[in-house]
Amino acid sequence: IAGITQAPTSQILAAGRRMTLRCTQDMRHNAMYWYRQDLGLGLRLIHYSNTAGTTGKGEVPDGYSVSRANTDDFPLTLASAVPSQTSVYFCASTSSRREVNEQFFGPGTRLTVL
Amino acid sequence: GENVEQHPSTLSVQEGDSAVIKCTYSDSASNYFPWYKQELGKRPQLIIDIRSNVGEKKDQRIAVTLNKTAKHFSLHITETQPEDSAVYFCAATDQTGANNLFFGTGTRLTVIP
(Lines give C-alpha, C1' and ligand atoms only; values in the text may rest on other atoms or scores of the structure.)
Protein backbone atom coordinates (compact mmCIF):
# COMPACT_ATOMS: atom_id res chain seq x y z
CA ILE A 1 0.00 0.00 0.00
CA ALA A 2 1.27 3.46 -0.83
CA GLY A 3 -0.48 6.42 0.74
CA ILE A 4 -4.17 6.22 1.51
CA THR A 5 -6.66 3.81 -0.02
CA GLN A 6 -10.42 3.37 0.10
CA ALA A 7 -12.75 0.49 -0.68
CA PRO A 8 -15.03 -0.07 -2.44
CA THR A 9 -14.56 2.32 -5.37
CA SER A 10 -18.30 2.49 -5.84
CA GLN A 11 -21.38 0.83 -4.43
CA ILE A 12 -25.10 0.77 -5.05
CA LEU A 13 -27.03 0.05 -1.89
CA ALA A 14 -30.67 -0.52 -1.04
CA ALA A 15 -32.15 1.80 1.57
CA GLY A 16 -32.11 0.30 5.03
CA ARG A 17 -28.99 -1.79 4.44
CA ARG A 18 -25.84 -1.52 6.52
CA MET A 19 -22.64 -0.51 4.78
CA THR A 20 -19.03 -0.03 5.86
CA LEU A 21 -16.63 2.07 3.83
CA ARG A 22 -13.01 1.17 4.39
CA CYS A 23 -10.02 3.49 4.63
CA THR A 24 -6.39 2.53 5.19
CA GLN A 25 -3.21 4.60 5.26
CA ASP A 26 0.39 3.51 5.56
CA MET A 27 1.93 6.91 6.32
CA ARG A 28 1.63 6.50 10.12
CA HIS A 29 -0.49 9.64 10.25
CA ASN A 30 -2.10 10.22 13.63
CA ALA A 31 -5.20 12.02 12.36
CA MET A 32 -7.84 10.70 9.96
CA TYR A 33 -11.06 12.15 8.58
CA TRP A 34 -14.18 11.25 6.64
CA TYR A 35 -15.83 13.77 4.31
CA ARG A 36 -18.79 13.64 2.02
CA GLN A 37 -18.82 15.64 -1.20
CA ASP A 38 -22.07 16.78 -2.72
CA LEU A 39 -22.48 19.05 -5.73
CA GLY A 40 -22.58 22.69 -4.68
CA LEU A 41 -21.81 21.90 -1.04
CA GLY A 42 -18.11 21.19 -1.17
CA LEU A 43 -16.52 18.82 1.31
CA ARG A 44 -18.23 18.39 4.66
CA LEU A 45 -16.63 16.68 7.61
CA ILE A 46 -18.53 13.67 8.95
CA HIS A 47 -16.24 12.29 11.68
CA TYR A 48 -12.60 12.58 12.61
CA SER A 49 -9.99 10.87 14.74
CA ASN A 50 -6.94 12.63 16.13
CA THR A 51 -5.29 9.43 17.29
CA ALA A 52 -5.97 5.73 17.56
CA GLY A 53 -8.67 5.06 20.11
CA THR A 54 -10.37 8.46 19.85
CA THR A 55 -13.03 9.83 17.50
CA GLY A 56 -15.07 13.01 17.21
CA LYS A 57 -18.11 14.35 15.38
CA GLY A 58 -17.80 16.71 12.44
CA GLU A 59 -20.37 18.91 10.72
CA VAL A 60 -22.70 16.16 9.49
CA PRO A 61 -22.33 13.07 11.75
CA ASP A 62 -25.95 11.87 11.90
CA GLY A 63 -26.47 8.40 10.42
CA TYR A 64 -22.75 7.58 10.46
CA SER A 65 -20.37 5.97 12.92
CA VAL A 66 -16.62 5.41 12.94
CA SER A 67 -14.01 3.51 14.88
CA ARG A 68 -10.23 3.83 15.17
CA ALA A 69 -8.87 0.61 16.60
CA ASN A 70 -5.38 1.22 15.19
CA THR A 71 -3.35 3.91 13.45
CA ASP A 72 -3.85 2.67 9.90
CA ASP A 73 -7.59 1.99 9.58
CA PHE A 74 -10.60 4.26 9.90
CA PRO A 75 -13.83 2.59 8.72
CA LEU A 76 -17.07 4.54 8.26
CA THR A 77 -20.35 2.70 8.87
CA LEU A 78 -23.85 3.58 7.72
CA ALA A 79 -26.09 1.59 10.05
CA SER A 80 -29.24 1.94 7.94
CA ALA A 81 -28.62 3.75 4.66
CA VAL A 82 -31.02 6.40 3.37
CA PRO A 83 -31.16 8.02 -0.10
CA SER A 84 -29.84 11.33 1.28
CA GLN A 85 -26.57 9.54 2.00
CA THR A 86 -25.97 9.19 -1.73
CA SER A 87 -22.65 10.99 -2.15
CA VAL A 88 -18.96 10.67 -2.84
CA TYR A 89 -17.07 9.85 0.34
CA PHE A 90 -13.45 10.82 0.85
CA CYS A 91 -11.15 9.65 3.60
CA ALA A 92 -8.14 11.80 4.49
CA SER A 93 -5.20 11.68 6.85
CA THR A 94 -2.52 13.99 8.20
CA SER A 95 0.23 14.25 10.73
CA SER A 96 -0.91 16.93 13.14
CA ARG A 97 1.06 16.37 16.29
CA ARG A 98 2.87 19.71 16.26
CA GLU A 99 0.83 21.89 13.92
CA VAL A 100 -1.82 21.64 11.25
CA ASN A 101 -0.48 20.10 8.08
CA GLU A 102 -1.61 18.97 4.65
CA GLN A 103 -4.44 16.48 4.57
CA PHE A 104 -3.92 13.68 2.05
CA PHE A 105 -7.08 12.35 0.45
CA GLY A 106 -7.99 8.86 -0.65
CA PRO A 107 -9.44 8.19 -4.11
CA GLY A 108 -13.03 8.30 -2.88
CA THR A 109 -16.03 5.96 -2.75
CA ARG A 110 -19.10 6.76 -4.82
CA LEU A 111 -22.15 5.53 -2.91
CA THR A 112 -25.67 5.41 -4.31
CA VAL A 113 -28.55 4.58 -1.97
CA LEU A 114 -31.77 3.61 -3.71
CA GLY B 1 -17.94 26.62 14.35
CA GLU B 2 -16.01 27.89 11.33
CA ASN B 3 -17.91 29.14 8.26
CA VAL B 4 -16.03 29.48 4.98
CA GLU B 5 -17.55 31.23 1.97
CA GLN B 6 -16.01 31.04 -1.49
CA HIS B 7 -16.59 33.12 -4.64
CA PRO B 8 -17.14 32.86 -7.50
CA SER B 9 -18.70 29.44 -7.96
CA THR B 10 -17.65 29.37 -11.62
CA LEU B 11 -14.93 31.25 -13.44
CA SER B 12 -13.90 31.22 -17.10
CA VAL B 13 -10.70 32.85 -18.31
CA GLN B 14 -8.74 32.93 -21.53
CA GLU B 15 -5.50 31.01 -21.58
CA GLY B 16 -2.70 33.26 -20.37
CA ASP B 17 -4.96 35.48 -18.28
CA SER B 18 -5.02 35.53 -14.48
CA ALA B 19 -7.64 33.94 -12.23
CA VAL B 20 -8.55 35.03 -8.71
CA ILE B 21 -10.68 33.10 -6.23
CA LYS B 22 -11.71 34.64 -2.92
CA CYS B 23 -12.71 33.14 0.42
CA THR B 24 -13.84 34.55 3.74
CA TYR B 25 -13.84 32.82 7.11
CA SER B 26 -15.63 33.50 10.38
CA ASP B 27 -13.31 32.25 13.15
CA SER B 28 -10.68 34.91 13.88
CA ALA B 29 -8.55 32.28 15.63
CA SER B 30 -8.12 30.16 12.47
CA ASN B 31 -4.44 29.80 11.64
CA TYR B 32 -4.11 27.55 8.58
CA PHE B 33 -5.57 28.12 5.12
CA PRO B 34 -4.98 25.50 2.41
CA TRP B 35 -6.14 25.45 -1.20
CA TYR B 36 -7.01 22.19 -2.92
CA LYS B 37 -7.39 21.42 -6.61
CA GLN B 38 -9.75 18.66 -7.73
CA GLU B 39 -9.79 17.44 -11.30
CA LEU B 40 -12.84 15.65 -12.61
CA GLY B 41 -13.25 12.25 -11.00
CA LYS B 42 -10.08 12.66 -8.92
CA ARG B 43 -9.28 13.29 -5.28
CA PRO B 44 -8.58 16.79 -3.93
CA GLN B 45 -4.88 17.63 -3.85
CA LEU B 46 -3.14 20.45 -1.99
CA ILE B 47 -1.66 23.10 -4.25
CA ILE B 48 -0.65 25.75 -1.73
CA ASP B 49 -1.27 26.70 1.87
CA ILE B 50 -0.61 29.66 4.13
CA ARG B 51 -0.38 30.08 7.87
CA SER B 52 -1.63 33.06 9.82
CA ASN B 53 1.85 34.42 10.55
CA VAL B 54 2.44 35.43 6.90
CA GLY B 55 0.47 37.60 4.50
CA GLU B 56 1.48 36.12 1.18
CA LYS B 57 3.00 32.97 -0.26
CA LYS B 58 3.98 32.21 -3.83
CA ASP B 59 4.82 29.02 -5.69
CA GLN B 60 5.59 29.57 -9.39
CA ARG B 61 2.31 30.67 -11.04
CA ILE B 62 0.25 30.27 -7.87
CA ALA B 63 0.04 32.71 -4.96
CA VAL B 64 -2.14 33.05 -1.91
CA THR B 65 -2.74 36.21 0.11
CA LEU B 66 -4.20 36.44 3.60
CA ASN B 67 -5.81 39.42 5.31
CA LYS B 68 -6.38 38.44 8.92
CA THR B 69 -8.06 41.71 9.85
CA ALA B 70 -10.70 41.30 7.18
CA LYS B 71 -10.74 37.51 7.55
CA HIS B 72 -10.32 36.77 3.89
CA PHE B 73 -7.79 35.00 1.71
CA SER B 74 -7.40 34.66 -2.02
CA LEU B 75 -5.85 32.35 -4.60
CA HIS B 76 -4.16 33.92 -7.60
CA ILE B 77 -3.19 31.92 -10.67
CA THR B 78 -1.18 33.76 -13.32
CA GLU B 79 -0.56 32.79 -16.94
CA THR B 80 -3.34 30.24 -16.80
CA GLN B 81 -3.09 27.08 -18.85
CA PRO B 82 -5.78 24.57 -19.93
CA GLU B 83 -4.48 22.09 -17.35
CA ASP B 84 -5.42 24.58 -14.63
CA SER B 85 -9.07 23.78 -15.40
CA ALA B 86 -10.47 22.09 -12.29
CA VAL B 87 -12.50 22.77 -9.16
CA TYR B 88 -10.62 24.68 -6.47
CA PHE B 89 -11.51 24.57 -2.78
CA CYS B 90 -10.34 26.86 -0.01
CA ALA B 91 -10.41 25.76 3.62
CA ALA B 92 -9.73 27.07 7.10
CA THR B 93 -9.08 25.35 10.42
CA ASP B 94 -11.34 25.54 13.42
CA GLN B 95 -10.08 26.21 16.90
CA THR B 96 -11.67 23.37 18.81
CA GLY B 97 -8.24 21.85 19.24
CA ALA B 98 -8.96 19.17 16.67
CA ASN B 99 -7.49 21.21 13.81
CA ASN B 100 -10.32 20.20 11.54
CA LEU B 101 -10.71 21.81 8.13
CA PHE B 102 -13.85 23.57 6.96
CA PHE B 103 -14.11 23.86 3.19
CA GLY B 104 -15.64 26.42 0.89
CA THR B 105 -18.15 25.25 -1.69
CA GLY B 106 -15.65 25.30 -4.55
CA THR B 107 -14.92 27.26 -7.72
CA ARG B 108 -15.04 25.59 -11.11
CA LEU B 109 -12.29 27.20 -13.17
CA THR B 110 -12.33 26.79 -16.93
CA VAL B 111 -9.34 27.98 -18.96
CA ILE B 112 -10.30 28.53 -22.57
CA PRO B 113 -7.51 27.74 -25.05
# chains A, B, ... in the order shown; residues from 1 in each chain; ligands from 1

$ interface_residues --of "chain A" --to "chain B" --cutoff "10 Å" --atoms "only C-alpha atoms" --output "PyMOL selection string"
chain A and resi 31-33+37-45+47-50+56+58-59+90-92+96+99-108

$ atom_distance --atom1 "CA of Arg68 (chain A)" --atom2 "CA of Gln11 (chain A)"
22.7 Å

$ select_by_dssp --residues "chain B" --states "strand (DSSP E)" --output "MDAnalysis selection string"
chainID B and resid 4:7 10:14 19:25 32:38 45:51 56:59 62:67 72:77 86:93 101:103 107:112

$ residues_around --residues "Ser74 (chain B)" --least-positions-apart "4" --cutoff "7 Å" --atoms "only C-alpha atoms" --output "number ranges by chain"
B: 20-23, 64-66

$ write_last_selection --atoms "N, CA and C atoms" --output "PDB file, in the first residue's frame"
ATOM      1  N   VAL B  20      -8.560  34.740 -10.148  1.00  0.00           N
ATOM      2  CA  VAL B  20      -8.551  35.029  -8.709  1.00  0.00           C
ATOM      3  C   VAL B  20      -9.797  34.434  -8.069  1.00  0.00           C
ATOM      4  N   ILE B  21      -9.595  33.696  -6.995  1.00  0.00           N
ATOM      5  CA  ILE B  21     -10.682  33.095  -6.232  1.00  0.00           C
ATOM      6  C   ILE B  21     -10.580  33.598  -4.806  1.00  0.00           C
ATOM      7  N   LYS B  22     -11.732  34.009  -4.241  1.00  0.00           N
ATOM      8  CA  LYS B  22     -11.714  34.636  -2.923  1.00  0.00           C
ATOM      9  C   LYS B  22     -12.514  33.826  -1.899  1.00  0.00           C
ATOM     10  N   CYS B  23     -12.019  33.826  -0.676  1.00  0.00           N
ATOM     11  CA  CYS B  23     -12.706  33.143   0.423  1.00  0.00           C
ATOM     12  C   CYS B  23     -12.708  34.025   1.660  1.00  0.00           C
ATOM     13  N   VAL B  64      -1.018  32.888  -2.841  1.00  0.00           N
ATOM     14  CA  VAL B  64      -2.139  33.055  -1.911  1.00  0.00           C
ATOM     15  C   VAL B  64      -1.846  34.258  -1.024  1.00  0.00           C
ATOM     16  N   THR B  65      -2.861  35.066  -0.787  1.00  0.00           N
ATOM     17  CA  THR B  65      -2.744  36.206   0.106  1.00  0.00           C
ATOM     18  C   THR B  65      -3.727  36.042   1.245  1.00  0.00           C
ATOM     19  N   LEU B  66      -3.376  36.560   2.401  1.00  0.00           N
ATOM     20  CA  LEU B  66      -4.198  36.439   3.600  1.00  0.00           C
ATOM     21  C   LEU B  66      -4.320  37.795   4.267  1.00  0.00           C
TER      22      LEU B  66
END

$ closest_residue --among "B:Thr110, B:Thr78, B:Ser52, B:Asn67" --to "Leu40 (chain B)" --atoms "only C-alpha atoms"
B:Thr110

$ residues_around --residues "His76 (chain B)" --least-positions-apart "3" --cutoff "6 Å" --atoms "only C-alpha atoms" --output "list in words"
Ala19, Val20, Ile62 and Ala63 of chain B

$ write_last_selection --atoms "N, CA and C atoms" --output "PDB file, in the first residue's frame"
ATOM      1  N   ALA B  19      -6.404  34.335 -12.900  1.00  0.00           N
ATOM      2  CA  ALA B  19      -7.644  33.939 -12.227  1.00  0.00           C
ATOM      3  C   ALA B  19      -7.496  34.217 -10.738  1.00  0.00           C
ATOM      4  N   VAL B  20      -8.560  34.740 -10.148  1.00  0.00           N
ATOM      5  CA  VAL B  20      -8.551  35.029  -8.709  1.00  0.00           C
ATOM      6  C   VAL B  20      -9.797  34.434  -8.069  1.00  0.00           C
ATOM      7  N   ILE B  62       1.329  30.252  -8.858  1.00  0.00           N
ATOM      8  CA  ILE B  62       0.252  30.268  -7.867  1.00  0.00           C
ATOM      9  C   ILE B  62       0.678  31.098  -6.660  1.00  0.00           C
ATOM     10  N   ALA B  63      -0.233  31.924  -6.170  1.00  0.00           N
ATOM     11  CA  ALA B  63       0.041  32.710  -4.963  1.00  0.00           C
ATOM     12  C   ALA B  63      -1.218  32.765  -4.123  1.00  0.00           C
TER      13      ALA B  63
END

$ residues_around --residues "Ser65 (chain A)" --least-positions-apart "4" --cutoff "10 Å" --atoms "only C-alpha atoms" --output "ChimeraX atom specification"
/A:20,46-47,55-57,61,75-79

$ write_last_selection --atoms "N, CA and C atoms" --output "short mmCIF file (atom, residue, chain, number, x, y, z; two decimals), in the first residue's frame"
data_model
loop_
_atom_site.label_atom_id
_atom_site.label_comp_id
_atom_site.auth_asym_id
_atom_site.auth_seq_id
_atom_site.Cartn_x
_atom_site.Cartn_y
_atom_site.Cartn_z
N THR A 20 -20.27 -0.55 5.30
CA THR A 20 -19.03 -0.03 5.86
C THR A 20 -18.08 0.35 4.75
N ILE A 46 -17.56 14.55 8.30
CA ILE A 46 -18.53 13.67 8.95
C ILE A 46 -18.04 13.30 10.35
N HIS A 47 -16.88 12.67 10.42
CA HIS A 47 -16.24 12.29 11.68
C HIS A 47 -14.73 12.42 11.52
N THR A 55 -12.30 9.33 18.66
CA THR A 55 -13.03 9.83 17.50
C THR A 55 -13.83 11.05 17.92
N GLY A 56 -14.26 11.84 16.93
CA GLY A 56 -15.07 13.01 17.21
C GLY A 56 -16.05 13.27 16.08
N LYS A 57 -17.09 14.04 16.37
CA LYS A 57 -18.11 14.35 15.38
C LYS A 57 -17.74 15.60 14.60
N PRO A 61 -22.58 14.43 11.25
CA PRO A 61 -22.33 13.07 11.75
C PRO A 61 -23.54 12.13 11.79
N PRO A 75 -12.62 2.93 9.46
CA PRO A 75 -13.83 2.59 8.72
C PRO A 75 -15.00 3.49 9.08
N LEU A 76 -15.85 3.74 8.09
CA LEU A 76 -17.07 4.54 8.26
C LEU A 76 -18.27 3.62 8.03
N THR A 77 -19.19 3.59 8.97
CA THR A 77 -20.35 2.70 8.87
C THR A 77 -21.65 3.49 8.78
N LEU A 78 -22.48 3.08 7.82
CA LEU A 78 -23.85 3.58 7.72
C LEU A 78 -24.73 2.46 8.26
N ALA A 79 -25.34 2.67 9.40
CA ALA A 79 -26.09 1.59 10.05
C ALA A 79 -27.33 1.20 9.27
#

$ residues_around --residues "Ala52 (chain A)" --least-positions-apart "3" --cutoff "7 Å" --atoms "only C-alpha atoms" --output "list in words"
Arg68, Ala69, Asn70 and Thr71 of chain A

$ write_last_selection --atoms "N, CA and C atoms" --output "mmCIF file, in the first residue's frame"
data_model
loop_
_atom_site.group_PDB
_atom_site.id
_atom_site.type_symbol
_atom_site.label_atom_id
_atom_site.label_comp_id
_atom_site.auth_asym_id
_atom_site.auth_seq_id
_atom_site.Cartn_x
_atom_site.Cartn_y
_atom_site.Cartn_z
ATOM 1 N N ARG A 68 -11.668 3.680 15.460
ATOM 2 C CA ARG A 68 -10.230 3.829 15.166
ATOM 3 C C ARG A 68 -9.479 2.896 16.122
ATOM 4 N N ALA A 69 -9.491 1.630 15.756
ATOM 5 C CA ALA A 69 -8.869 0.611 16.600
ATOM 6 C C ALA A 69 -7.348 0.635 16.507
ATOM 7 N N ASN A 70 -6.827 1.133 15.378
ATOM 8 C CA ASN A 70 -5.376 1.221 15.195
ATOM 9 C C ASN A 70 -5.050 2.456 14.363
ATOM 10 N N THR A 71 -3.772 2.710 14.159
ATOM 11 C CA THR A 71 -3.354 3.915 13.453
ATOM 12 C C THR A 71 -3.752 3.907 11.984
#

$ residues_around --residues "Thr24 (chain A)" --least-positions-apart "4" --cutoff "7 Å" --atoms "only C-alpha atoms" --output "PyMOL selection string"
chain A and resi 4-6+72-74
